[in-house]
$ cat my_file15.csv   # CSV, N, CA and C atoms
chain,number,residue,atom,x,y,z
K,184,MET,N,-19.0,-11.0,-16.8
K,184,MET,CA,-19.2,-9.8,-16.1
K,184,MET,C,-17.9,-9.4,-15.4
K,185,ILE,N,-17.2,-10.4,-14.7
K,185,ILE,CA,-16.0,-10.2,-14.0
K,185,ILE,C,-14.9,-9.8,-15.0
K,186,ARG,N,-14.9,-10.5,-16.2
K,186,ARG,CA,-13.9,-10.1,-17.2
K,186,ARG,C,-14.1,-8.7,-17.7
K,187,LYS,N,-15.3,-8.2,-17.9
K,187,LYS,CA,-15.5,-6.9,-18.3
K,187,LYS,C,-15.0,-5.9,-17.2
K,188,SER,N,-15.3,-6.2,-16.0
K,188,SER,CA,-14.8,-5.4,-14.9
K,188,SER,C,-13.3,-5.2,-14.8
K,189,VAL,N,-12.6,-6.4,-15.0
K,189,VAL,CA,-11.2,-6.4,-15.0
K,189,VAL,C,-10.6,-5.6,-16.2
K,190,ILE,N,-11.2,-5.7,-17.3
K,190,ILE,CA,-10.8,-5.0,-18.5
K,190,ILE,C,-11.0,-3.5,-18.3
K,191,TRP,N,-12.2,-3.1,-17.7
K,191,TRP,CA,-12.4,-1.7,-17.4
K,191,TRP,C,-11.4,-1.2,-16.5
K,192,MET,N,-11.1,-1.9,-15.4
K,192,MET,CA,-10.1,-1.4,-14.4
K,192,MET,C,-8.8,-1.2,-15.0
K,193,ILE,N,-8.3,-2.2,-15.9
K,193,ILE,CA,-7.0,-2.0,-16.6
K,193,ILE,C,-7.1,-0.8,-17.4
K,194,TRP,N,-8.1,-0.6,-18.2
K,194,TRP,CA,-8.2,0.6,-19.1
K,194,TRP,C,-8.2,1.9,-18.2
K,195,ALA,N,-8.9,1.9,-17.1
K,195,ALA,CA,-8.9,3.1,-16.3
K,195,ALA,C,-7.5,3.4,-15.7
K,196,LEU,N,-6.8,2.3,-15.3
K,196,LEU,CA,-5.4,2.5,-14.8
K,196,LEU,C,-4.5,3.1,-15.9
K,197,LEU,N,-4.6,2.5,-17.1
K,197,LEU,CA,-3.8,3.0,-18.2
K,197,LEU,C,-4.1,4.4,-18.5
K,198,PHE,N,-5.4,4.8,-18.5
K,198,PHE,CA,-5.8,6.1,-18.8
K,198,PHE,C,-5.2,7.1,-17.8
K,199,VAL,N,-5.4,6.7,-16.5
K,199,VAL,CA,-4.9,7.6,-15.4
K,199,VAL,C,-3.3,7.7,-15.5
K,200,CYS,N,-2.7,6.6,-15.9
K,200,CYS,CA,-1.3,6.6,-15.8
K,200,CYS,C,-0.6,6.9,-17.2
K,201,SER,N,-1.4,7.4,-18.1
K,201,SER,CA,-0.8,7.7,-19.4
K,201,SER,C,0.0,9.0,-19.4
K,202,ALA,N,0.3,9.5,-18.3
K,202,ALA,CA,1.1,10.7,-18.2
K,202,ALA,C,2.5,10.5,-18.9
K,203,ASP,N,3.0,11.5,-19.5
K,203,ASP,CA,4.3,11.4,-20.2
K,203,ASP,C,5.4,11.4,-19.1
K,204,MET,N,6.5,10.9,-19.4
K,204,MET,CA,7.6,10.7,-18.4
K,204,MET,C,8.6,11.8,-18.5
K,205,ALA,N,8.1,13.0,-18.7
K,205,ALA,CA,9.0,14.2,-18.9
K,205,ALA,C,9.6,14.7,-17.6
K,206,GLY,N,9.1,14.3,-16.5
K,206,GLY,CA,9.7,14.7,-15.2
K,206,GLY,C,8.7,15.5,-14.4
K,207,CYS,N,9.0,15.7,-13.2
K,207,CYS,CA,8.1,16.4,-12.3
K,207,CYS,C,8.2,17.9,-12.5
K,208,THR,N,7.0,18.5,-12.4
K,208,THR,CA,7.0,20.0,-12.4
K,208,THR,C,7.2,20.4,-11.0
K,209,SER,N,7.1,21.7,-10.7
K,209,SER,CA,7.3,22.2,-9.4
K,209,SER,C,6.2,21.7,-8.4
K,210,LEU,N,6.6,21.6,-7.2
K,210,LEU,CA,5.7,21.1,-6.1
K,210,LEU,C,4.6,22.1,-5.8
K,211,ASN,N,3.5,21.6,-5.5
K,211,ASN,CA,2.3,22.4,-5.0
K,211,ASN,C,2.7,22.9,-3.6
K,212,ALA,N,2.2,24.1,-3.2
K,212,ALA,CA,2.6,24.7,-2.0
K,212,ALA,C,2.4,23.8,-0.8
K,213,SER,N,1.4,22.9,-0.8
K,213,SER,CA,1.2,22.0,0.4
K,213,SER,C,2.2,20.9,0.4
K,214,GLU,N,3.0,20.7,-0.6
K,214,GLU,CA,4.0,19.7,-0.6
K,214,GLU,C,5.4,20.2,-0.5
K,215,LYS,N,5.5,21.5,-0.3
K,215,LYS,CA,6.9,22.0,-0.1
K,215,LYS,C,6.8,22.8,1.2
K,216,ASP,N,7.2,22.2,2.3
K,216,ASP,CA,7.0,22.8,3.6
K,216,ASP,C,8.3,22.6,4.4
K,217,HIS,N,9.1,23.6,4.6
K,217,HIS,CA,10.3,23.5,5.3
K,217,HIS,C,10.3,23.1,6.7
K,218,LYS,N,9.1,23.2,7.3
K,218,LYS,CA,9.0,22.9,8.8
K,218,LYS,C,8.9,21.5,9.1
K,219,TYR,N,8.5,20.7,8.0
K,219,TYR,CA,8.4,19.2,8.2
K,219,TYR,C,9.7,18.6,7.7
K,220,GLU,N,10.1,17.5,8.4
K,220,GLU,CA,11.3,16.7,8.0
K,220,GLU,C,11.0,15.9,6.7
K,221,ILE,N,9.8,15.4,6.6
K,221,ILE,CA,9.4,14.5,5.5
K,221,ILE,C,8.0,14.9,5.0
K,222,ILE,N,7.8,14.9,3.7
K,222,ILE,CA,6.4,15.1,3.2
K,222,ILE,C,6.1,13.8,2.5
K,223,PHE,N,5.0,13.2,3.0
K,223,PHE,CA,4.5,11.9,2.5
K,223,PHE,C,3.4,12.1,1.6
K,224,VAL,N,3.5,11.8,0.3
K,224,VAL,CA,2.5,12.1,-0.7
K,224,VAL,C,1.9,10.7,-1.1
K,225,GLU,N,0.6,10.6,-0.9
K,225,GLU,CA,-0.1,9.4,-1.2
K,225,GLU,C,-0.9,9.7,-2.5
K,226,LEU,N,-0.7,9.0,-3.6
K,226,LEU,CA,-1.4,9.1,-4.8
K,226,LEU,C,-2.3,7.9,-5.0
K,227,GLY,N,-3.6,8.1,-5.0
K,227,GLY,CA,-4.5,7.0,-5.1
K,227,GLY,C,-5.9,7.4,-5.4
K,228,SER,N,-6.9,6.7,-4.9
K,228,SER,CA,-8.3,7.1,-5.1
K,228,SER,C,-9.1,6.6,-3.9
K,229,VAL,N,-10.1,7.3,-3.6
K,229,VAL,CA,-11.0,6.8,-2.5
K,229,VAL,C,-11.9,5.6,-3.0
K,230,LYS,N,-11.8,5.3,-4.3
K,230,LYS,CA,-12.6,4.2,-4.9
K,230,LYS,C,-11.7,2.9,-5.1
K,231,CYS,N,-10.5,3.0,-4.8
K,231,CYS,CA,-9.5,1.9,-5.0
K,231,CYS,C,-9.3,1.2,-3.6
K,232,ILE,N,-9.5,-0.1,-3.6
K,232,ILE,CA,-9.5,-0.9,-2.4
K,232,ILE,C,-8.1,-0.8,-1.7
K,233,PRO,N,-7.0,-1.0,-2.4
K,233,PRO,CA,-5.7,-0.9,-1.7
K,233,PRO,C,-5.4,0.5,-1.2
K,234,CYS,N,-6.0,1.5,-2.0
K,234,CYS,CA,-5.8,2.9,-1.6
K,234,CYS,C,-6.6,3.2,-0.3
K,235,ARG,N,-7.8,2.6,-0.2
K,235,ARG,CA,-8.6,2.8,1.0
K,235,ARG,C,-7.9,2.1,2.2
K,236,MET,N,-7.2,1.0,2.0
K,236,MET,CA,-6.4,0.4,3.0
K,236,MET,C,-5.3,1.3,3.6
K,237,MET,N,-4.9,2.2,2.8
K,237,MET,CA,-3.8,3.2,3.2
K,237,MET,C,-4.4,4.3,4.1
K,238,GLN,N,-5.7,4.5,4.1
K,238,GLN,CA,-6.2,5.6,4.9
K,238,GLN,C,-5.9,5.5,6.4
K,239,PRO,N,-6.1,4.3,7.0
K,239,PRO,CA,-5.7,4.3,8.5
K,239,PRO,C,-4.2,4.4,8.7
K,240,VAL,N,-3.4,3.9,7.7
K,240,VAL,CA,-2.0,4.1,7.8
K,240,VAL,C,-1.6,5.5,7.8
K,241,MET,N,-2.2,6.3,6.9
K,241,MET,CA,-1.9,7.7,6.8
K,241,MET,C,-2.3,8.5,8.1
K,242,GLU,N,-3.5,8.1,8.6
K,242,GLU,CA,-4.0,8.7,9.9
K,242,GLU,C,-3.0,8.4,11.0
K,243,ARG,N,-2.6,7.2,11.1
K,243,ARG,CA,-1.6,6.8,12.2
K,243,ARG,C,-0.3,7.5,12.0
K,244,LEU,N,0.1,7.7,10.8
K,244,LEU,CA,1.4,8.4,10.5
K,244,LEU,C,1.2,9.9,10.9
K,245,GLU,N,0.1,10.5,10.6
K,245,GLU,CA,-0.1,11.9,11.0
K,245,GLU,C,-0.1,12.0,12.5
K,246,ARG,N,-0.8,11.1,13.2
K,246,ARG,CA,-0.9,11.1,14.6
K,246,ARG,C,0.4,10.9,15.3
K,247,ASN,N,1.2,10.0,14.9
K,247,ASN,CA,2.5,9.6,15.5
K,247,ASN,C,3.7,10.4,15.2
K,248,PHE,N,3.6,11.2,14.1
K,248,PHE,CA,4.7,12.0,13.6
K,248,PHE,C,4.2,13.5,13.4
K,249,THR,N,3.3,13.9,14.3
K,249,THR,CA,2.8,15.3,14.2
K,249,THR,C,4.0,16.3,14.2
K,250,GLY,N,4.0,17.2,13.3
K,250,GLY,CA,5.0,18.2,13.2
K,250,GLY,C,6.3,17.8,12.5
K,251,LYS,N,6.4,16.5,12.3
K,251,LYS,CA,7.6,16.0,11.6
K,251,LYS,C,7.4,15.4,10.2
K,252,VAL,N,6.2,14.8,10.0
K,252,VAL,CA,5.9,14.3,8.7
K,252,VAL,C,4.5,14.9,8.3
K,253,LYS,N,4.5,15.5,7.1
K,253,LYS,CA,3.3,16.0,6.6
K,253,LYS,C,2.7,15.0,5.6
K,254,VAL,N,1.4,14.7,5.8
K,254,VAL,CA,0.8,13.7,4.9
K,254,VAL,C,-0.1,14.5,3.9
K,255,VAL,N,0.0,14.2,2.6
K,255,VAL,CA,-0.7,14.8,1.6
K,255,VAL,C,-1.3,13.7,0.7
K,256,PHE,N,-2.7,13.8,0.4
K,256,PHE,CA,-3.3,12.8,-0.4
K,256,PHE,C,-3.9,13.4,-1.6
K,257,HIS,N,-3.7,12.8,-2.8
K,257,HIS,CA,-4.3,13.2,-4.0
K,257,HIS,C,-5.1,12.1,-4.6
K,258,ASP,N,-6.4,12.3,-4.9
K,258,ASP,CA,-7.2,11.3,-5.5
K,258,ASP,C,-7.0,11.5,-7.0
K,259,VAL,N,-6.2,10.7,-7.6
K,259,VAL,CA,-5.9,10.9,-9.0
K,259,VAL,C,-7.0,10.5,-10.0
K,260,TRP,N,-8.1,10.0,-9.5
K,260,TRP,CA,-9.2,9.7,-10.4
K,260,TRP,C,-10.2,10.8,-10.4
K,261,THR,N,-9.9,11.9,-9.8
K,261,THR,CA,-10.7,13.1,-9.9
K,261,THR,C,-10.1,14.2,-10.8
K,262,LYS,N,-10.9,15.1,-11.2
K,262,LYS,CA,-10.4,16.2,-12.1
K,262,LYS,C,-9.3,17.0,-11.4
K,263,GLU,N,-9.5,17.2,-10.1
K,263,GLU,CA,-8.5,18.0,-9.3
K,263,GLU,C,-7.2,17.2,-9.1
K,264,GLY,N,-7.3,15.9,-8.9
K,264,GLY,CA,-6.1,15.1,-8.6
K,264,GLY,C,-5.4,14.5,-9.8
K,265,LYS,N,-6.0,14.5,-10.9
K,265,LYS,CA,-5.4,13.9,-12.1
K,265,LYS,C,-4.1,14.5,-12.5
K,266,PRO,N,-3.9,15.8,-12.4
K,266,PRO,CA,-2.6,16.4,-12.8
K,266,PRO,C,-1.4,15.8,-11.9
K,267,TYR,N,-1.7,15.4,-10.7
K,267,TYR,CA,-0.6,14.8,-9.9
K,267,TYR,C,-0.2,13.5,-10.4
K,268,ALA,N,-1.0,12.7,-11.1
K,268,ALA,CA,-0.6,11.5,-11.7
K,268,ALA,C,0.5,11.8,-12.7
K,269,LYS,N,0.4,12.8,-13.4
K,269,LYS,CA,1.4,13.2,-14.4
K,269,LYS,C,2.6,13.8,-13.7
K,270,GLN,N,2.4,14.7,-12.8
K,270,GLN,CA,3.5,15.3,-12.1
K,270,GLN,C,4.4,14.3,-11.4
K,271,TYR,N,3.8,13.3,-10.8
K,271,TYR,CA,4.7,12.3,-10.1
K,271,TYR,C,4.9,11.0,-10.9
K,272,ARG,N,4.5,11.1,-12.2
K,272,ARG,CA,4.8,10.0,-13.1
K,272,ARG,C,4.4,8.6,-12.6
K,273,ILE,N,3.2,8.5,-12.0
K,273,ILE,CA,2.7,7.3,-11.5
K,273,ILE,C,2.3,6.3,-12.6
K,274,ARG,N,2.4,5.0,-12.3
K,274,ARG,CA,2.0,4.0,-13.3
K,274,ARG,C,0.9,3.1,-12.7
K,275,ALA,N,0.8,3.2,-11.4
K,275,ALA,CA,-0.3,2.4,-10.7
K,275,ALA,C,-0.6,3.0,-9.4
K,276,ILE,N,-1.7,2.7,-8.8
K,276,ILE,CA,-2.1,3.3,-7.5
K,276,ILE,C,-2.4,2.1,-6.6
K,277,PRO,N,-2.2,2.3,-5.3
K,277,PRO,CA,-1.6,3.5,-4.7
K,277,PRO,C,-0.1,3.6,-4.9
K,278,THR,N,0.4,4.8,-5.0
K,278,THR,CA,1.8,5.1,-5.0
K,278,THR,C,2.1,6.1,-3.9
K,279,GLN,N,3.2,5.8,-3.1
K,279,GLN,CA,3.6,6.7,-2.1
K,279,GLN,C,5.0,7.3,-2.5
K,280,VAL,N,5.1,8.6,-2.3
K,280,VAL,CA,6.3,9.4,-2.6
K,280,VAL,C,6.7,10.1,-1.3
K,281,PHE,N,7.9,9.9,-0.9
K,281,PHE,CA,8.5,10.6,0.2
K,281,PHE,C,9.4,11.7,-0.2
K,282,LEU,N,9.2,12.9,0.2
K,282,LEU,CA,10.0,14.0,-0.1
K,282,LEU,C,10.7,14.6,1.1
K,283,ASP,N,11.9,15.2,0.8
K,283,ASP,CA,12.5,15.9,1.9
K,283,ASP,C,11.9,17.2,2.1
K,284,ARG,N,12.4,18.0,3.1
K,284,ARG,CA,11.8,19.3,3.4
K,284,ARG,C,11.9,20.3,2.2
K,285,ASP,N,12.7,20.0,1.2
K,285,ASP,CA,12.9,20.9,0.1
K,285,ASP,C,12.1,20.4,-1.1
K,286,GLY,N,11.3,19.3,-0.9
K,286,GLY,CA,10.5,18.8,-2.0
K,286,GLY,C,11.2,17.8,-2.9
K,287,LYS,N,12.4,17.4,-2.6
K,287,LYS,CA,13.2,16.4,-3.4
K,287,LYS,C,12.8,15.0,-3.0
K,288,GLU,N,12.5,14.2,-4.0
K,288,GLU,CA,12.1,12.8,-3.8
K,288,GLU,C,13.2,12.0,-3.2
K,289,ILE,N,12.9,11.3,-2.1
K,289,ILE,CA,13.9,10.5,-1.5
K,289,ILE,C,13.6,9.0,-1.5
K,290,TYR,N,12.3,8.7,-1.7
K,290,TYR,CA,11.8,7.3,-1.8
K,290,TYR,C,10.5,7.2,-2.4
K,291,ARG,N,10.2,6.1,-3.1
K,291,ARG,CA,8.9,5.9,-3.8
K,291,ARG,C,8.6,4.4,-3.6
K,292,HIS,N,7.3,4.2,-3.5
K,292,HIS,CA,6.7,2.8,-3.4
K,292,HIS,C,5.4,2.7,-4.1
K,293,THR,N,5.1,1.6,-4.7
K,293,THR,CA,3.9,1.4,-5.4
K,293,THR,C,3.2,0.2,-4.7
K,294,GLY,N,1.9,0.4,-4.4
K,294,GLY,CA,1.1,-0.7,-3.8
K,294,GLY,C,0.9,-0.3,-2.3
K,295,PHE,N,0.2,-1.2,-1.6
K,295,PHE,CA,-0.1,-1.0,-0.2
K,295,PHE,C,1.3,-1.0,0.5
K,296,LEU,N,1.4,0.0,1.4
K,296,LEU,CA,2.7,0.1,2.2
K,296,LEU,C,2.3,0.1,3.7
K,297,PRO,N,2.6,-1.0,4.4
K,297,PRO,CA,2.2,-1.1,5.8
K,297,PRO,C,2.9,-0.1,6.7
K,298,TYR,N,2.3,0.3,7.8
K,298,TYR,CA,2.8,1.3,8.7
K,298,TYR,C,4.2,0.9,9.2
K,299,GLU,N,4.4,-0.4,9.5
K,299,GLU,CA,5.6,-0.9,10.0
K,299,GLU,C,6.8,-0.6,9.0
K,300,GLU,N,6.5,-0.8,7.7
K,300,GLU,CA,7.5,-0.5,6.7
K,300,GLU,C,7.9,1.0,6.6
K,301,ILE,N,6.8,1.8,6.8
K,301,ILE,CA,7.1,3.3,6.8
K,301,ILE,C,7.9,3.6,8.0
K,302,LEU,N,7.6,3.0,9.2
K,302,LEU,CA,8.4,3.2,10.4
K,302,LEU,C,9.9,2.9,10.1
K,303,LYS,N,10.2,1.8,9.5
K,303,LYS,CA,11.6,1.4,9.2
K,303,LYS,C,12.3,2.4,8.3
K,304,LEU,N,11.5,2.9,7.3
K,304,LEU,CA,12.1,3.9,6.4
K,304,LEU,C,12.4,5.2,7.2
K,305,LEU,N,11.4,5.6,7.9
K,305,LEU,CA,11.6,6.9,8.7
K,305,LEU,C,12.8,6.8,9.7
K,306,LYS,N,12.9,5.6,10.3
K,306,LYS,CA,14.1,5.4,11.2
K,306,LYS,C,15.4,5.5,10.5
K,307,ARG,N,15.5,4.9,9.2
K,307,ARG,CA,16.7,5.0,8.4
K,307,ARG,C,17.0,6.5,8.1
K,308,LEU,N,15.9,7.3,8.0
K,308,LEU,CA,16.1,8.7,7.6
K,308,LEU,C,16.2,9.6,8.9
K,309,SER,N,16.4,8.9,10.1
K,309,SER,CA,16.5,9.6,11.4
K,309,SER,C,15.3,10.4,11.8
K,310,VAL,N,14.1,9.9,11.4
K,310,VAL,CA,12.9,10.6,11.8
K,310,VAL,C,12.2,9.7,12.8
K,311,GLU,N,12.1,10.2,14.0
K,311,GLU,CA,11.5,9.4,15.1
K,311,GLU,C,10.1,9.9,15.4
K,312,PRO,N,9.2,9.0,15.9
K,312,PRO,CA,7.9,9.4,16.2
K,312,PRO,C,7.9,10.4,17.4
K,313,VAL,N,6.8,11.2,17.5
K,313,VAL,CA,6.7,12.1,18.6
K,313,VAL,C,6.3,11.3,19.9
K,314,GLN,N,6.9,11.6,21.0
K,314,GLN,CA,6.7,10.9,22.2
K,314,GLN,C,5.5,11.4,22.9
$ encode --input "my_file15.csv" --output "structure tokens"
Amino acid sequence: MIRKSVIWMIWALLFVCSADMAGCTSLNASEKDHKYEIIFVELGSVKCIPCRMMQPVMERLERNFTGKVKVVFHDVWTKEGKPYAKQYRIRAIPTQVFLDRDGKEIYRHTGFLPYEEILKLLKRLSVEPVQ
């Protein structure tokens, strides 16, 4: 039973991540916003355990960087979110993509990303939390 579950999960990940590597298309309007210093795009699923672990991290990020960091989530296991798996060329979930205010990718991470690591990255990018 466990073996079948693991095989199914691998198949599902391969299916989701079978996007061609042709490159990103244009950004969706919610991901290109010049008023934010950074756009944080989380590509995952509400049914994925490591992705669910990212939810409180994203909430904390939104709360502590209000007006500076925009948080966008795409559930790539849904019909609406699946095109983003292709657009961002993801191979596994969760994947976090950091964009500058013009929508240019500046950093990418795959897997769970702790809040403290995001803080270090944002400090290197000269983005400080709201006081």
$ select_by_dssp --input "my_file15.csv" --residues "stretch 266-314 of chain K" --states "strand (DSSP E or B)" --output "ChimeraX atom specification"
/K:278-283,288-293
$ atom_distance --input "my_file15.csv" --atom1 "atom CA of K:Arg243" --atom2 "atom C of K:Lys269"
27.2 Å
$ atom_distance --input "my_file15.csv" --atom1 "atom CA of K:Val313" --atom2 "atom CA of K:Met237"
20.7 Å
$ residues_around --input "my_file15.csv" --residues "K:Val254" --least-positions-apart "6" --cutoff "6.5 Å" --atoms "only N, CA and C atoms" --output "number ranges by chain"
K: 222-225, 245
$ write_last_selection --input "my_file15.csv" --atoms "N, CA and C atoms" --output "PDB file, in the coordinates of the input"
ATOM      1  N   ILE K 222       7.800  14.900   3.700  1.00  0.00           N
ATOM      2  CA  ILE K 222       6.400  15.100   3.200  1.00  0.00           C
ATOM      3  C   ILE K 222       6.100  13.800   2.500  1.00  0.00           C
ATOM      4  N   PHE K 223       5.000  13.200   3.000  1.00  0.00           N
ATOM      5  CA  PHE K 223       4.500  11.900   2.500  1.00  0.00           C
ATOM      6  C   PHE K 223       3.400  12.100   1.600  1.00  0.00           C
ATOM      7  N   VAL K 224       3.500  11.800   0.300  1.00  0.00           N
ATOM      8  CA  VAL K 224       2.500  12.100  -0.700  1.00  0.00           C
ATOM      9  C   VAL K 224       1.900  10.700  -1.100  1.00  0.00           C
ATOM     10  N   GLU K 225       0.600  10.600  -0.900  1.00  0.00           N
ATOM     11  CA  GLU K 225      -0.100   9.400  -1.200  1.00  0.00           C
ATOM     12  C   GLU K 225      -0.900   9.700  -2.500  1.00  0.00           C
ATOM     13  N   GLU K 245       0.100  10.500  10.600  1.00  0.00           N
ATOM     14  CA  GLU K 245      -0.100  11.900  11.000  1.00  0.00           C
ATOM     15  C   GLU K 245      -0.100  12.000  12.500  1.00  0.00           C
TER      16      GLU K 245
END
$ closest_residue --input "my_file15.csv" --among "K:Leu244, K:Val229, K:Met236, K:Val252" --to "K:Val310" --atoms "only C-alpha atoms"
K:Val252
$ atom_distance --input "my_file15.csv" --atom1 "atom CA of K:Arg246" --atom2 "atom CA of K:Ile301"
13.6 Å
$ closest_residue --input "my_file15.csv" --among "K:Lys287, K:Gln314, K:Ile232, K:Leu226" --to "K:Ala268" --atoms "all atoms listed in the file"
K:Leu226
$ closest_residue --input "my_file15.csv" --among "K:Arg291, K:Pro266, K:Gln279, K:Ser228" --to "K:Met241" --atoms "only C-alpha atoms"
K:Gln279
